[in-house]
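Asks: Below you'll find the structure I mean.
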Amino acid sequence: MHLILIFALITFNPIIEVEQVQTALEEHYPGETWNIKEFGDGNINYIYRAENTQKGKKTILVKKALDYARIDPVAFPLPIGRLSFEHQAYVEYQKSAPDRIPEIYFYDEPNGMLAMEYLSPHIILRRGLLEGKKYPLLAEHLGSFLGRSLYLTSKYHLSDANWQENVAYFADNTEMRKIIENLNFTHPFQNSTSNRWTSPELDDIVLEIQQDSELKSLVHALKRKFLNFPEALSHGDLHTGSVLVTKYDTRVFDTEFASYAPISFDIGMLLANYAMASIASEAHGTDKIWLSSLISSTWESFETSFTNLWANDEISVDEKIQEIWQDTVRLMGVEIIRRTIGVAHNADFEKISDRPLKAQIEREALEFARELILESSDTFTDAYEIEARLVS
């Protein structure tokens, strides 16, 4: 452990990192002076806020990639050029849903740096939901974002040449796709050392899930489809922590996991995070009915947007929507399970200080997730049935 810490200190020099950000800004904005402060840090990135100190103030957010994961620099080296996929995802979203993303100012590939609009007074959606805030346009905004971005980047809209070019480009985002494969579809359903849960309270239901051959078979089918069906551009990590909001504006960010995947993947992840917020509402004193309604209203907005754009004569749009829905329901279950017993948990559950209540809510979530995976075609034939189930 001491060697890891020494390696991290040698490899990462905060002063040099800031100097690189300063140099990049000066190159892109000659003659301007910038005041740079660290805005946030993560396991694999640093975030800086840069303010133009001269007349006509401008604030820029700069994401600076590290070439290792700070949790273990030796075990997890990372390509610094991985932000190229995040940048290219924004380029594609600029064509299909420009009003739902931050403006991108520049991408500095050699230094692993991406500069974008600093959105204010926006806050992270998950924080707003936990505080009990309501956003009247949220479902419409995110549903139409999903409909437009997923259809207009898909094999059903693009020419074969353009679709194949996009698939080939994003296929190189191998490290991030491997993380999704392991953390979403594999580790939570086996005895992985990376898993963690509220133990011993949940030990029995975790064991039941990990020994359920029917459930694991359905999850494995979803994993195969994720790996082998590059249908449309997927954000790859679309949850309530990767959306910025005000009461009347919604922006999607943090597209580092972008790749081509089934259309259902992003939808299932987002709707699952709504469901977890609803399930945890008792602990946070938030509005369960409104949170549950986000599932049906977001799906309805997606379905309307996607259907209105559909122009493929070879496949019935109704059949396609039904296929997307069935996979979406099962993917919701996968996301809830991995956020409860995998390595990466949600604040919706983690911020519950009452341990018995936390365990009770997490058990309810796991039981619901199991239903979603096993009974998707029988019990949950539309989004309103999921909403009603959550409310009851």
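Ordering of the structure tokens sets the chain letters (A, B, ...), residue numbers begin anew at 1 in every chain, and ligands are numbered from 1 in the order given.
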Dump as JSON lines the rows for residues of region 205-264 of chain A within 8 Å of region 148-172 of chain A: closest atom pair and distance in Å with one decimal, only C-alpha atoms counted, ordered by chain and rising residue number.
Replies:
{"residue": "A:Pro230", "atom": "CA", "partner": "A:Val167", "partner_atom": "CA", "distance": 6.7}
{"residue": "A:Glu231", "atom": "CA", "partner": "A:Ser154", "partner_atom": "CA", "distance": 5.6}
{"residue": "A:Ala232", "atom": "CA", "partner": "A:Ser154", "partner_atom": "CA", "distance": 4.1}
{"residue": "A:Leu233", "atom": "CA", "partner": "A:Thr153", "partner_atom": "CA", "distance": 5.7}
{"residue": "A:Ser234", "atom": "CA", "partner": "A:Leu150", "partner_atom": "CA", "distance": 7.2}
{"residue": "A:Ala258", "atom": "CA", "partner": "A:Phe170", "partner_atom": "CA", "distance": 7.2}
{"residue": "A:Ser259", "atom": "CA", "partner": "A:Phe170", "partner_atom": "CA", "distance": 4.9}
{"residue": "A:Tyr260", "atom": "CA", "partner": "A:Val167", "partner_atom": "CA", "distance": 5.8}
{"residue": "A:Ile263", "atom": "CA", "partner": "A:Leu150", "partner_atom": "CA", "distance": 6.2}
Asks: Can I get the selected residues back with C-alpha atoms, as an mmCIF file, in the first residue's frame?
Replies:
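Generated output (out-v5.cif):
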data_model
loop_
_atom_site.group_PDB
_atom_site.id
_atom_site.type_symbol
_atom_site.label_atom_id
_atom_site.label_comp_id
_atom_site.auth_asym_id
_atom_site.auth_seq_id
_atom_site.Cartn_x
_atom_site.Cartn_y
_atom_site.Cartn_z
ATOM 1 C CA PRO A 230 -24.190 -2.110 -31.518
ATOM 2 C CA GLU A 231 -27.543 -0.562 -32.297
ATOM 3 C CA ALA A 232 -27.114 3.131 -31.404
ATOM 4 C CA LEU A 233 -24.815 5.511 -29.538
ATOM 5 C CA SER A 234 -25.195 4.856 -25.818
ATOM 6 C CA ALA A 258 -20.022 6.170 -24.565
ATOM 7 C CA SER A 259 -20.111 3.329 -27.069
ATOM 8 C CA TYR A 260 -22.519 1.657 -29.451
ATOM 9 C CA ILE A 263 -31.123 1.238 -27.560
#
Asks: Using DSSP on the backbone coordinates, identify the residues of region 164-370 of chain A assigned to alpha helix (DSSP H); present them as a ChimeraX atom specification.
Replies: /A:164-171,174-180,203-210,213-228,264-279,281-284,288-309,317-341,347-350,355-370
Asks: What separation in Å, quoted to one decimal, exists between CA of Ala261 (chain A) and CA of Phe229 (chain A)?
Replies: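 Taking CA of Ala261 (chain A) as the start and CA of Phe229 (chain A) as the end point, the length is 5.9 Å.
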Asks: Quick one: distance from CA of Ile104 (chain A) to CA of Arg177 (chain A) in Å, one decimal?
Replies: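 Answer for the CA of Ile104 (chain A) to CA of Arg177 (chain A) separation: 23.5 Å.
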Asks: What is the distance between CA of Asn111 (chain A) and CA of Arg82 (chain A), in Å to one decimal?
Replies: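 Straight-line distance from CA of Asn111 (chain A) to CA of Arg82 (chain A) works out to 10.9 Å.
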